[in-house]
Amino acid sequence: MIVGIGTDLCVVERFEAMLERRPGLLGRLLTPGEQELSLPSQAARFAAKEALAKALGSPGGMRWLDCEVTKSEVGVPSFVATGTVAARIAALGISSIHLSISHDGGYATAMVVCES
């Protein structure tokens, strides 16, 4: 059963400008591994986290760093959730999270479906 869905679109140029205005923000949004990626890939990870928050009902108190976007050996993206994000996932009885991310032409997008 679908528990929640979320989507997000991020303009890479705006994401970059936001990071330039607030230099410490990157360390609060992305894990060290995510920070090593290219700017478009960082924007896609940010979009993925936004989409997940929407799929989880956008509750307050969740920490961005309690969620990391990783890829399998064949490139399939997924989330590794800990702390506040893992607690919300458990509270909603979510057993599976599907993630699709993409970036091209100055945009990054993500779609999330949560199932119980």
# chains A, B, ... in the order shown; residues from 1 in each chain; ligands from 1
call {"tool": "residues_around", "arguments": {"residues": "region 71-76 of chain A", "least_positions_apart": "4", "cutoff": "12 Å", "atoms": "only C-alpha atoms", "output": "ChimeraX atom specification"}}
result
/A:33-34,41,45,80,98-102
call {"tool": "write_last_selection", "arguments": {"atoms": "N, CA, C and O atoms", "output": "tab-separated table (two decimals), in the first residue's frame"}}
result
chain	number	residue	atom	x	y	z
A	33	GLY	N	29.96	12.29	2.03
A	33	GLY	CA	30.01	11.58	0.75
A	33	GLY	C	29.25	12.31	-0.34
A	33	GLY	O	29.69	12.37	-1.49
A	34	GLU	N	28.09	12.86	0.00
A	34	GLU	CA	27.29	13.61	-0.97
A	34	GLU	C	27.98	14.91	-1.37
A	34	GLU	O	27.88	15.35	-2.51
A	41	SER	N	24.79	16.81	-9.18
A	41	SER	CA	24.49	15.62	-8.37
A	41	SER	C	24.13	16.01	-6.94
A	41	SER	O	23.26	15.39	-6.32
A	45	ARG	N	20.58	15.27	-5.00
A	45	ARG	CA	20.46	14.68	-3.65
A	45	ARG	C	19.58	15.55	-2.77
A	45	ARG	O	18.77	15.06	-1.99
A	80	VAL	N	19.71	5.82	2.68
A	80	VAL	CA	20.16	5.22	3.94
A	80	VAL	C	19.68	6.18	5.01
A	80	VAL	O	20.12	7.33	5.07
A	98	HIS	N	10.94	3.84	-2.84
A	98	HIS	CA	11.42	3.88	-4.22
A	98	HIS	C	11.86	5.30	-4.53
A	98	HIS	O	11.16	6.26	-4.22
A	99	LEU	N	13.03	5.44	-5.14
A	99	LEU	CA	13.59	6.74	-5.45
A	99	LEU	C	14.06	6.79	-6.90
A	99	LEU	O	14.73	5.88	-7.38
A	100	SER	N	13.69	7.87	-7.58
A	100	SER	CA	14.21	8.13	-8.92
A	100	SER	C	14.75	9.55	-8.91
A	100	SER	O	14.06	10.47	-8.45
A	101	ILE	N	15.99	9.74	-9.39
A	101	ILE	CA	16.59	11.07	-9.45
A	101	ILE	C	17.19	11.29	-10.83
A	101	ILE	O	17.57	10.34	-11.51
A	102	SER	N	17.25	12.56	-11.22
A	102	SER	CA	17.85	12.91	-12.51
A	102	SER	C	18.29	14.36	-12.47
A	102	SER	O	17.76	15.16	-11.71
call {"tool": "select_by_dssp", "arguments": {"residues": "chain A", "states": "alpha helix (DSSP H)", "output": "VMD selection string"}}
result
chain A and resid 12 to 21 25 to 29 32 to 35 39 to 55 83 to 91
call {"tool": "atom_distance", "arguments": {"atom1": "CA of Pro40 (chain A)", "atom2": "CA of Met62 (chain A)"}}
result
23.8 Å
call {"tool": "select_by_dssp", "arguments": {"residues": "chain A", "states": "strand (DSSP E or B)", "output": "MDAnalysis selection string"}}
result
chainID A and resid 2:11 67:71 77:81 96:104 107:115
call {"tool": "residues_around", "arguments": {"residues": "Ile97 (chain A)", "least_positions_apart": "2", "cutoff": "8 Å", "atoms": "only C-alpha atoms", "output": "list in words"}}
result
Ser78, Phe79, Ile94, Ser95, Leu99, Val112, Val113, Cys114 and Glu115 of chain A
call {"tool": "write_last_selection", "arguments": {"atoms": "C-alpha atoms", "output": "compact mmCIF listing (two decimals), in the first residue's frame"}}
result
# COMPACT_ATOMS: atom_id res chain seq x y z
CA SER A 78 18.30 4.57 -2.60
CA PHE A 79 18.21 6.15 0.84
CA ILE A 94 7.08 2.05 5.73
CA SER A 95 8.79 -1.08 4.44
CA LEU A 99 13.59 6.74 -5.45
CA VAL A 112 9.82 9.19 -4.05
CA VAL A 113 7.17 6.54 -3.34
CA CYS A 114 6.86 5.06 0.15
CA GLU A 115 5.08 1.73 0.67
call {"tool": "atom_distance", "arguments": {"atom1": "CA of Ile2 (chain A)", "atom2": "CA of Ser96 (chain A)"}}
result
9.5 Å
call {"tool": "residues_around", "arguments": {"residues": "region 17-19 of chain A", "least_positions_apart": "3", "cutoff": "12 Å", "atoms": "only C-alpha atoms", "output": "JSON list (two decimals) with C-alpha atoms, in the first residue's frame"}}
result
[["chain", "number", "residue", "atom", "x", "y", "z"],
["A", 10, "CYS", "CA", 15.67, 22.01, -8.01],
["A", 11, "VAL", "CA", 17.19, 24.64, -10.28],
["A", 12, "VAL", "CA", 20.92, 23.90, -10.07],
["A", 13, "GLU", "CA", 21.91, 27.56, -10.48],
["A", 14, "ARG", "CA", 19.63, 28.62, -7.60],
["A", 22, "ARG", "CA", 25.27, 30.56, 3.14],
["A", 23, "PRO", "CA", 28.60, 28.68, 3.08],
["A", 24, "GLY", "CA", 27.83, 26.48, 6.11],
["A", 25, "LEU", "CA", 24.59, 25.24, 4.60],
["A", 26, "LEU", "CA", 26.16, 22.48, 2.52],
["A", 27, "GLY", "CA", 27.39, 20.72, 5.66],
["A", 28, "ARG", "CA", 23.88, 20.82, 7.13],
["A", 29, "LEU", "CA", 22.16, 19.49, 4.00],
["A", 30, "LEU", "CA", 24.48, 16.86, 2.57],
["A", 35, "GLN", "CA", 29.40, 16.76, -0.71],
["A", 39, "LEU", "CA", 27.08, 20.37, -8.17],
["A", 42, "GLN", "CA", 24.41, 17.55, -5.08],
["A", 43, "ALA", "CA", 21.28, 19.37, -6.24],
["A", 46, "PHE", "CA", 18.89, 17.79, -2.15]]
call {"tool": "atom_distance", "arguments": {"atom1": "CA of Pro77 (chain A)", "atom2": "CA of Tyr107 (chain A)"}}
result
17.6 Å
call {"tool": "closest_residue", "arguments": {"among": "A:Glu68, A:Glu20, A:Glu36, A:Glu50", "to": "Ala110 (chain A)", "atoms": "only C-alpha atoms"}}
result
A:Glu50
call {"tool": "residues_around", "arguments": {"residues": "Gly6 (chain A)", "least_positions_apart": "6", "cutoff": "7 Å", "atoms": "only C-alpha atoms", "output": "ChimeraX atom specification"}}
result
/A:51-52,54-55,111-113
call {"tool": "decode", "arguments": {"residues": "region 60-74 of chain A", "atoms": "all heavy atoms", "output": "JSON list (two decimals), in the first residue's frame"}}
result
[["chain", "number", "residue", "atom", "x", "y", "z"],
["A", 60, "GLY", "N", 8.06, 18.32, 11.14],
["A", 60, "GLY", "CA", 9.20, 19.08, 11.66],
["A", 60, "GLY", "C", 10.13, 18.18, 12.44],
["A", 60, "GLY", "O", 9.78, 17.07, 12.83],
["A", 61, "GLY", "N", 11.34, 18.64, 12.63],
["A", 61, "GLY", "CA", 12.27, 17.92, 13.48],
["A", 61, "GLY", "C", 13.16, 16.90, 12.79],
["A", 61, "GLY", "O", 14.04, 16.34, 13.43],
["A", 62, "MET", "N", 12.94, 16.65, 11.51],
["A", 62, "MET", "CA", 13.81, 15.70, 10.83],
["A", 62, "MET", "C", 15.09, 16.41, 10.42],
["A", 62, "MET", "O", 15.08, 17.54, 9.97],
["A", 62, "MET", "CB", 13.13, 15.10, 9.59],
["A", 62, "MET", "CG", 12.06, 14.11, 9.94],
["A", 62, "MET", "SD", 11.52, 13.08, 8.54],
["A", 62, "MET", "CE", 11.28, 14.23, 7.23],
["A", 63, "ARG", "N", 16.23, 15.72, 10.58],
["A", 63, "ARG", "CA", 17.54, 16.28, 10.23],
["A", 63, "ARG", "C", 17.94, 15.81, 8.83],
["A", 63, "ARG", "O", 17.85, 14.63, 8.51],
["A", 63, "ARG", "CB", 18.59, 15.82, 11.24],
["A", 63, "ARG", "CG", 18.35, 16.36, 12.64],
["A", 63, "ARG", "CD", 19.49, 16.00, 13.60],
["A", 63, "ARG", "NE", 20.75, 16.57, 13.13],
["A", 63, "ARG", "CZ", 21.84, 15.84, 12.86],
["A", 63, "ARG", "NH1", 21.84, 14.55, 13.01],
["A", 63, "ARG", "NH2", 22.95, 16.43, 12.45],
["A", 64, "TRP", "N", 18.41, 16.74, 8.01],
["A", 64, "TRP", "CA", 18.83, 16.42, 6.65],
["A", 64, "TRP", "C", 19.95, 15.38, 6.63],
["A", 64, "TRP", "O", 20.00, 14.54, 5.73],
["A", 64, "TRP", "CB", 19.34, 17.69, 5.95],
["A", 64, "TRP", "CG", 18.27, 18.67, 5.67],
["A", 64, "TRP", "CD1", 17.99, 19.81, 6.39],
["A", 64, "TRP", "CD2", 17.32, 18.66, 4.61],
["A", 64, "TRP", "NE1", 16.94, 20.48, 5.83],
["A", 64, "TRP", "CE2", 16.51, 19.79, 4.73],
["A", 64, "TRP", "CE3", 17.09, 17.78, 3.55],
["A", 64, "TRP", "CZ2", 15.49, 20.08, 3.84],
["A", 64, "TRP", "CZ3", 16.06, 18.06, 2.67],
["A", 64, "TRP", "CH2", 15.28, 19.20, 2.82],
["A", 65, "LEU", "N", 20.84, 15.43, 7.61],
["A", 65, "LEU", "CA", 21.98, 14.51, 7.62],
["A", 65, "LEU", "C", 21.61, 13.11, 8.10],
["A", 65, "LEU", "O", 22.43, 12.20, 8.06],
["A", 65, "LEU", "CB", 23.11, 15.09, 8.48],
["A", 65, "LEU", "CG", 23.69, 16.40, 7.96],
["A", 65, "LEU", "CD1", 24.81, 16.89, 8.88],
["A", 65, "LEU", "CD2", 24.20, 16.27, 6.53],
["A", 66, "ASP", "N", 20.35, 12.93, 8.53],
["A", 66, "ASP", "CA", 19.88, 11.61, 8.93],
["A", 66, "ASP", "C", 19.38, 10.82, 7.72],
["A", 66, "ASP", "O", 18.71, 9.80, 7.87],
["A", 66, "ASP", "CB", 18.77, 11.72, 9.97],
["A", 66, "ASP", "CG", 19.29, 12.09, 11.35],
["A", 66, "ASP", "OD1", 20.52, 12.08, 11.55],
["A", 66, "ASP", "OD2", 18.47, 12.41, 12.22],
["A", 67, "CYS", "N", 19.71, 11.30, 6.55],
["A", 67, "CYS", "CA", 19.31, 10.64, 5.31],
["A", 67, "CYS", "C", 20.40, 10.86, 4.27],
["A", 67, "CYS", "O", 20.83, 11.99, 4.04],
["A", 67, "CYS", "CB", 17.99, 11.24, 4.83],
["A", 67, "CYS", "SG", 17.37, 10.48, 3.35],
["A", 68, "GLU", "N", 20.85, 9.80, 3.66],
["A", 68, "GLU", "CA", 21.88, 9.89, 2.62],
["A", 68, "GLU", "C", 21.40, 9.14, 1.38],
["A", 68, "GLU", "O", 20.84, 8.05, 1.49],
["A", 68, "GLU", "CB", 23.20, 9.28, 3.10],
["A", 68, "GLU", "CG", 24.31, 9.40, 2.09],
["A", 68, "GLU", "CD", 25.67, 8.97, 2.62],
["A", 68, "GLU", "OE1", 25.73, 8.20, 3.59],
["A", 68, "GLU", "OE2", 26.67, 9.43, 2.06],
["A", 69, "VAL", "N", 21.64, 9.73, 0.22],
["A", 69, "VAL", "CA", 21.32, 9.08, -1.04],
["A", 69, "VAL", "C", 22.56, 8.33, -1.49],
["A", 69, "VAL", "O", 23.64, 8.91, -1.60],
["A", 69, "VAL", "CB", 20.89, 10.09, -2.12],
["A", 69, "VAL", "CG1", 20.62, 9.38, -3.44],
["A", 69, "VAL", "CG2", 19.65, 10.86, -1.66],
["A", 70, "THR", "N", 22.41, 7.03, -1.71],
["A", 70, "THR", "CA", 23.51, 6.20, -2.19],
["A", 70, "THR", "C", 23.07, 5.53, -3.49],
["A", 70, "THR", "O", 21.90, 5.59, -3.86],
["A", 70, "THR", "CB", 23.89, 5.12, -1.16],
["A", 70, "THR", "OG1", 22.77, 4.26, -0.95],
["A", 70, "THR", "CG2", 24.31, 5.75, 0.16],
["A", 71, "LYS", "N", 24.03, 4.92, -4.17],
["A", 71, "LYS", "CA", 23.73, 4.18, -5.40],
["A", 71, "LYS", "C", 24.28, 2.77, -5.29],
["A", 71, "LYS", "O", 25.37, 2.56, -4.75],
["A", 71, "LYS", "CB", 24.34, 4.88, -6.61],
["A", 71, "LYS", "CG", 23.58, 6.09, -7.07],
["A", 71, "LYS", "CD", 24.13, 6.54, -8.41],
["A", 71, "LYS", "CE", 23.28, 7.63, -8.99],
["A", 71, "LYS", "NZ", 23.72, 8.01, -10.32],
["A", 72, "SER", "N", 23.55, 1.82, -5.85],
["A", 72, "SER", "CA", 24.02, 0.44, -5.90],
["A", 72, "SER", "C", 25.14, 0.34, -6.94],
["A", 72, "SER", "O", 25.43, 1.30, -7.65],
["A", 72, "SER", "CB", 22.87, -0.49, -6.29],
["A", 72, "SER", "OG", 22.55, -0.32, -7.65],
["A", 73, "GLU", "N", 25.73, -0.83, -7.05],
["A", 73, "GLU", "CA", 26.80, -1.05, -8.01],
["A", 73, "GLU", "C", 26.36, -0.80, -9.45],
["A", 73, "GLU", "O", 27.16, -0.42, -10.30],
["A", 73, "GLU", "CB", 27.33, -2.48, -7.89],
["A", 73, "GLU", "CG", 28.09, -2.73, -6.61],
["A", 73, "GLU", "CD", 28.57, -4.17, -6.49],
["A", 73, "GLU", "OE1", 28.46, -4.93, -7.46],
["A", 73, "GLU", "OE2", 29.04, -4.53, -5.40],
["A", 74, "VAL", "N", 25.07, -0.97, -9.71],
["A", 74, "VAL", "CA", 24.55, -0.76, -11.06],
["A", 74, "VAL", "C", 23.89, 0.61, -11.22],
["A", 74, "VAL", "O", 23.28, 0.90, -12.24],
["A", 74, "VAL", "CB", 23.58, -1.89, -11.50],
["A", 74, "VAL", "CG1", 24.33, -3.21, -11.62],
["A", 74, "VAL", "CG2", 22.42, -2.00, -10.55]]
